[in-house]
file final-v2.pdb (PDB, C-alpha atoms, pLDDT in the B column)
ATOM      1  CA  MET A   1       0.000   0.000   0.000  1.00 84.00           C
ATOM      2  CA  GLU A   2       2.881   2.372   0.807  1.00 84.00           C
ATOM      3  CA  LEU A   3       4.512   1.806  -2.587  1.00 84.00           C
ATOM      4  CA  ARG A   4       1.272   2.691  -4.325  1.00 85.00           C
ATOM      5  CA  ALA A   5       0.719   5.722  -2.078  1.00 86.00           C
ATOM      6  CA  PHE A   6       4.209   6.967  -2.959  1.00 83.00           C
ATOM      7  CA  ALA A   7       3.546   6.405  -6.667  1.00 80.00           C
ATOM      8  CA  ALA A   8       0.327   8.431  -6.450  1.00 82.00           C
ATOM      9  CA  ASP A   9       1.875  11.326  -4.511  1.00 84.00           C
ATOM     10  CA  ALA A  10       1.627  14.280  -6.899  1.00 83.00           C
ATOM     11  CA  THR A  11       3.450  16.618  -4.506  1.00 84.00           C
ATOM     12  CA  THR A  12       6.561  14.443  -4.460  1.00 81.00           C
ATOM     13  CA  ARG A  13       6.476  14.060  -8.240  1.00 77.00           C
ATOM     14  CA  ALA A  14       6.156  17.809  -8.736  1.00 76.00           C
ATOM     15  CA  SER A  15       9.226  18.424  -6.577  1.00 74.00           C
ATOM     16  CA  PHE A  16      11.358  16.561  -9.125  1.00 69.00           C
ATOM     17  CA  LYS A  17      10.473  19.047 -11.847  1.00 64.00           C
ATOM     18  CA  PRO A  18      11.419  22.648 -11.092  1.00 58.00           C
ATOM     19  CA  ASP A  19       8.549  24.711 -12.473  1.00 53.00           C
ATOM     20  CA  HIS A  20      10.544  27.297 -14.324  1.00 56.00           C
ATOM     21  CA  LEU A  21      13.999  25.796 -14.943  1.00 59.00           C
ATOM     22  CA  CYS A  22      13.427  24.719 -18.543  1.00 61.00           C
ATOM     23  CA  GLY A  23      11.627  27.954 -19.356  1.00 66.00           C
ATOM     24  CA  GLN A  24      14.414  30.024 -17.824  1.00 68.00           C
ATOM     25  CA  VAL A  25      17.065  28.078 -19.732  1.00 69.00           C
ATOM     26  CA  ASP A  26      15.116  28.519 -22.967  1.00 71.00           C
ATOM     27  CA  GLN A  27      14.741  32.245 -22.264  1.00 75.00           C
ATOM     28  CA  LEU A  28      18.486  32.627 -21.664  1.00 75.00           C
ATOM     29  CA  LEU A  29      19.255  30.763 -24.887  1.00 74.00           C
ATOM     30  CA  ILE A  30      16.907  33.056 -26.820  1.00 79.00           C
ATOM     31  CA  ARG A  31      18.447  36.136 -25.226  1.00 80.00           C
ATOM     32  CA  LEU A  32      21.953  34.950 -26.127  1.00 76.00           C
ATOM     33  CA  SER A  33      20.836  34.525 -29.746  1.00 79.00           C
ATOM     34  CA  SER A  34      19.428  38.034 -30.027  1.00 81.00           C
ATOM     35  CA  ASN A  35      21.706  40.755 -31.344  1.00 80.00           C
ATOM     36  CA  LEU A  36      19.449  43.307 -29.643  1.00 82.00           C
ATOM     37  CA  ASP A  37      19.738  41.865 -26.131  1.00 81.00           C
ATOM     38  CA  PRO A  38      22.544  43.325 -23.995  1.00 80.00           C
ATOM     39  CA  LEU A  39      23.064  39.946 -22.298  1.00 74.00           C
ATOM     40  CA  LYS A  40      24.746  38.703 -25.454  1.00 74.00           C
ATOM     41  CA  TYR A  41      27.368  41.428 -25.151  1.00 75.00           C
ATOM     42  CA  ALA A  42      27.964  40.867 -21.443  1.00 76.00           C
ATOM     43  CA  ILE A  43      29.705  37.581 -22.298  1.00 74.00           C
ATOM     44  CA  ASP A  44      32.896  37.133 -24.286  1.00 74.00           C
ATOM     45  CA  TYR A  45      31.523  36.380 -27.760  1.00 73.00           C
ATOM     46  CA  ARG A  46      34.039  33.522 -28.143  1.00 78.00           C
ATOM     47  CA  ARG A  47      32.390  31.793 -25.184  1.00 75.00           C
ATOM     48  CA  ILE A  48      28.723  32.167 -26.119  1.00 74.00           C
ATOM     49  CA  GLY A  49      28.700  28.740 -27.780  1.00 79.00           C
ATOM     50  CA  GLU A  50      30.061  27.120 -24.613  1.00 80.00           C
ATOM     51  CA  VAL A  51      27.543  28.966 -22.443  1.00 77.00           C
ATOM     52  CA  ARG A  52      24.725  27.757 -24.711  1.00 76.00           C
ATOM     53  CA  GLN A  53      26.041  24.203 -24.446  1.00 80.00           C
ATOM     54  CA  TYR A  54      26.054  24.275 -20.633  1.00 75.00           C
ATOM     55  CA  LEU A  55      22.601  25.858 -20.505  1.00 75.00           C
ATOM     56  CA  GLN A  56      21.271  23.077 -22.730  1.00 77.00           C
ATOM     57  CA  GLN A  57      22.809  20.552 -20.315  1.00 76.00           C
ATOM     58  CA  PHE A  58      20.683  22.038 -17.520  1.00 73.00           C
ATOM     59  CA  GLY A  59      17.554  21.335 -19.549  1.00 72.00           C
ATOM     60  CA  ASN A  60      18.772  17.814 -20.281  1.00 77.00           C
ATOM     61  CA  PHE A  61      19.474  17.124 -16.596  1.00 77.00           C
ATOM     62  CA  ASP A  62      16.061  18.445 -15.648  1.00 75.00           C
ATOM     63  CA  ALA A  63      14.294  16.160 -18.121  1.00 77.00           C
ATOM     64  CA  ALA A  64      16.449  13.160 -17.162  1.00 82.00           C
ATOM     65  CA  ILE A  65      15.690  13.549 -13.449  1.00 83.00           C
ATOM     66  CA  PHE A  66      11.964  13.827 -14.120  1.00 82.00           C
ATOM     67  CA  ARG A  67      12.021  10.775 -16.408  1.00 86.00           C
ATOM     68  CA  SER A  68      14.081   8.832 -13.858  1.00 88.00           C
ATOM     69  CA  TYR A  69      11.525   9.567 -11.152  1.00 89.00           C
ATOM     70  CA  ASP A  70       8.699   8.316 -13.394  1.00 89.00           C
ATOM     71  CA  GLU A  71      10.672   5.121 -14.059  1.00 92.00           C
ATOM     72  CA  LEU A  72      11.204   4.637 -10.307  1.00 92.00           C
ATOM     73  CA  VAL A  73       7.487   4.997  -9.623  1.00 91.00           C
ATOM     74  CA  ALA A  74       6.613   2.521 -12.398  1.00 92.00           C
ATOM     75  CA  GLU A  75       9.090  -0.019 -11.035  1.00 93.00           C
ATOM     76  CA  LEU A  76       7.789   0.392  -7.488  1.00 91.00           C
ATOM     77  CA  ASP A  77       4.247  -0.109  -8.794  1.00 91.00           C
ATOM     78  CA  GLN A  78       5.331  -3.385 -10.421  1.00 91.00           C
ATOM     79  CA  ILE A  79       6.925  -4.504  -7.155  1.00 92.00           C
ATOM     80  CA  ALA A  80       3.695  -3.655  -5.297  1.00 91.00           C
ATOM     81  CA  THR A  81       1.770  -5.829  -7.755  1.00 90.00           C
ATOM     82  CA  GLN A  82       4.251  -8.677  -7.222  1.00 90.00           C
ATOM     83  CA  ILE A  83       3.967  -8.353  -3.427  1.00 90.00           C
ATOM     84  CA  GLN A  84       0.193  -8.715  -3.682  1.00 88.00           C
ATOM     85  CA  ALA A  85       0.513 -11.989  -5.618  1.00 87.00           C
ATOM     86  CA  PRO A  86      -0.233 -14.920  -3.316  1.00 85.00           C
ATOM     87  CA  ALA A  87       2.829 -16.929  -4.388  1.00 84.00           C
ATOM     88  CA  SER A  88       5.367 -14.122  -3.993  1.00 81.00           C
ATOM     89  CA  ASP A  89       8.149 -13.885  -1.422  1.00 90.00           C
ATOM     90  CA  LYS A  90       7.058 -10.630   0.154  1.00 87.00           C
ATOM     91  CA  GLN A  91      10.257 -10.107   2.132  1.00 90.00           C
ATOM     92  CA  GLU A  92      12.435 -10.629  -0.930  1.00 92.00           C
ATOM     93  CA  ARG A  93      10.299  -8.191  -2.946  1.00 88.00           C
ATOM     94  CA  SER A  94      10.502  -5.660  -0.098  1.00 89.00           C
ATOM     95  CA  ARG A  95      14.306  -5.951  -0.041  1.00 92.00           C
ATOM     96  CA  TYR A  96      14.313  -5.516  -3.819  1.00 92.00           C
ATOM     97  CA  ALA A  97      12.170  -2.366  -3.486  1.00 91.00           C
ATOM     98  CA  GLN A  98      14.670  -1.027  -0.962  1.00 92.00           C
ATOM     99  CA  ARG A  99      17.563  -1.656  -3.413  1.00 94.00           C
ATOM    100  CA  VAL A 100      15.634   0.072  -6.205  1.00 94.00           C
ATOM    101  CA  VAL A 101      15.113   3.153  -4.005  1.00 92.00           C
ATOM    102  CA  GLU A 102      18.765   3.142  -2.907  1.00 94.00           C
ATOM    103  CA  ASP A 103      19.926   2.939  -6.541  1.00 94.00           C
ATOM    104  CA  PHE A 104      17.624   5.819  -7.431  1.00 92.00           C
ATOM    105  CA  GLU A 105      19.005   7.909  -4.557  1.00 92.00           C
ATOM    106  CA  SER A 106      22.555   7.196  -5.718  1.00 93.00           C
ATOM    107  CA  ASP A 107      21.719   8.163  -9.310  1.00 89.00           C
ATOM    108  CA  LEU A 108      19.953  11.299  -8.096  1.00 87.00           C
ATOM    109  CA  ARG A 109      23.006  12.347  -6.061  1.00 89.00           C
ATOM    110  CA  ALA A 110      25.206  11.814  -9.137  1.00 89.00           C
ATOM    111  CA  SER A 111      22.831  13.923 -11.247  1.00 83.00           C
ATOM    112  CA  GLN A 112      22.831  16.687  -8.644  1.00 82.00           C
ATOM    113  CA  SER A 113      26.616  16.670  -8.690  1.00 86.00           C
ATOM    114  CA  ALA A 114      26.635  16.882 -12.484  1.00 82.00           C
ATOM    115  CA  VAL A 115      24.221  19.844 -12.368  1.00 78.00           C
ATOM    116  CA  ARG A 116      26.455  21.607  -9.838  1.00 81.00           C
ATOM    117  CA  ASP A 117      29.494  20.970 -12.054  1.00 82.00           C
ATOM    118  CA  ALA A 118      27.707  22.324 -15.133  1.00 77.00           C
ATOM    119  CA  LYS A 119      26.623  25.385 -13.152  1.00 75.00           C
ATOM    120  CA  THR A 120      30.184  25.983 -11.949  1.00 78.00           C
ATOM    121  CA  GLN A 121      31.518  25.655 -15.502  1.00 74.00           C
ATOM    122  CA  THR A 122      28.875  28.041 -16.816  1.00 71.00           C
ATOM    123  CA  VAL A 123      29.643  30.649 -14.167  1.00 69.00           C
ATOM    124  CA  ARG A 124      33.346  30.390 -14.974  1.00 70.00           C
ATOM    125  CA  LEU A 125      32.625  31.124 -18.628  1.00 65.00           C
ATOM    126  CA  ILE A 126      30.739  34.317 -17.850  1.00 60.00           C
TER
END

call {"tool": "encode", "arguments": {"input": "final-v2.pdb", "output": "structure tokens"}}
result
Amino acid sequence: MELRAFAADATTRASFKPDHLCGQVDQLLIRLSSNLDPLKYAIDYRRIGEVRQYLQQFGNFDAAIFRSYDELVAELDQIATQIQAPASDKQERSRYAQRVVEDFESDLRASQSAVRDAKTQTVRLI
């Protein structure tokens, strides 16, 4: 029941998708492309391509984290279904669910580190 409750928790799911990150990244990319926007001239023109590349990475990380969360929820839902089956080893399935969550946490920490690195690199370019 707890696995299904977690899967149905819209608040938790929403926290994995920053509301405005993709839009802000898109807006910055548009501003960097415009010859009329002063932002474009605040950055060394030889580095604009690199800045664009790092900004696109932010959008990619954002989408990957959201997709990863959806995959976690789907896998936990499958485990919940298996636990409900009369012939299943409920303790083994519970341990498997714990490993799935631990793997997700590890991947999430790695993604957060990659986002921080991309942010640091972007700031260094500006």

call {"tool": "closest_residue", "arguments": {"input": "final-v2.pdb", "among": "A:Asp70, A:Val51, A:Arg4, A:Val101", "to": "A:Leu39", "atoms": "only C-alpha atoms"}}
result
A:Val51

call {"tool": "atom_distance", "arguments": {"input": "final-v2.pdb", "atom1": "atom CA of A:Ser88", "atom2": "atom CA of A:Arg13"}}
result
28.5 Å

call {"tool": "closest_residue", "arguments": {"input": "final-v2.pdb", "among": "A:Gln78, A:Asp37, A:Tyr69, A:Gln91", "to": "A:Ala10", "atoms": "only C-alpha atoms"}}
result
A:Tyr69

call {"tool": "residues_around", "arguments": {"input": "final-v2.pdb", "residues": "stretch 104-117 of chain A", "least_positions_apart": "2", "cutoff": "8 Å", "atoms": "all atoms listed in the file", "output": "list in words"}}
result
Phe58, Phe61, Ile65, Ser68, Leu72, Val100, Val101, Glu102, Lys119, Thr120 and Gln121 of chain A

call {"tool": "axis_aligned_box", "arguments": {"input": "final-v2.pdb", "around": "stretch 67-72 of chain A", "padding_each_side": "8 Å", "output": "JSON"}}
result
{"center_x": 11.4, "center_y": 7.7, "center_z": -13.4, "size_x": 21.4, "size_y": 22.1, "size_z": 22.1}

call {"tool": "closest_residue", "arguments": {"input": "final-v2.pdb", "among": "A:Glu2, A:Asp62, A:Glu50, A:Asp44", "to": "A:Thr81", "atoms": "only C-alpha atoms"}}
result
A:Glu2

call {"tool": "residues_around", "arguments": {"input": "final-v2.pdb", "residues": "A:Arg31", "least_positions_apart": "3", "cutoff": "12 Å", "atoms": "only C-alpha atoms", "output": "MDAnalysis selection string"}}
result
chainID A and resid 24:28 34:43 48 51:52

call {"tool": "atom_distance", "arguments": {"input": "final-v2.pdb", "atom1": "atom CA of A:Val73", "atom2": "atom CA of A:Asp89"}}
result
20.6 Å

call {"tool": "atom_distance", "arguments": {"input": "final-v2.pdb", "atom1": "atom CA of A:Gln53", "atom2": "atom CA of A:Glu71"}}
result
26.6 Å

call {"tool": "closest_residue", "arguments": {"input": "final-v2.pdb", "among": "A:Leu55, A:Arg67, A:Asn60, A:Ile79", "to": "A:Ala14", "atoms": "only C-alpha atoms"}}
result
A:Arg67

call {"tool": "closest_residue", "arguments": {"input": "final-v2.pdb", "among": "A:Leu76, A:Ala7, A:Met1, A:Ala85", "to": "A:Arg99", "atoms": "all atoms listed in the file"}}
result
A:Leu76

call {"tool": "closest_residue", "arguments": {"input": "final-v2.pdb", "among": "A:Pro86, A:Arg47, A:Leu29, A:Thr11", "to": "A:Arg124", "atoms": "all atoms listed in the file"}}
result
A:Arg47
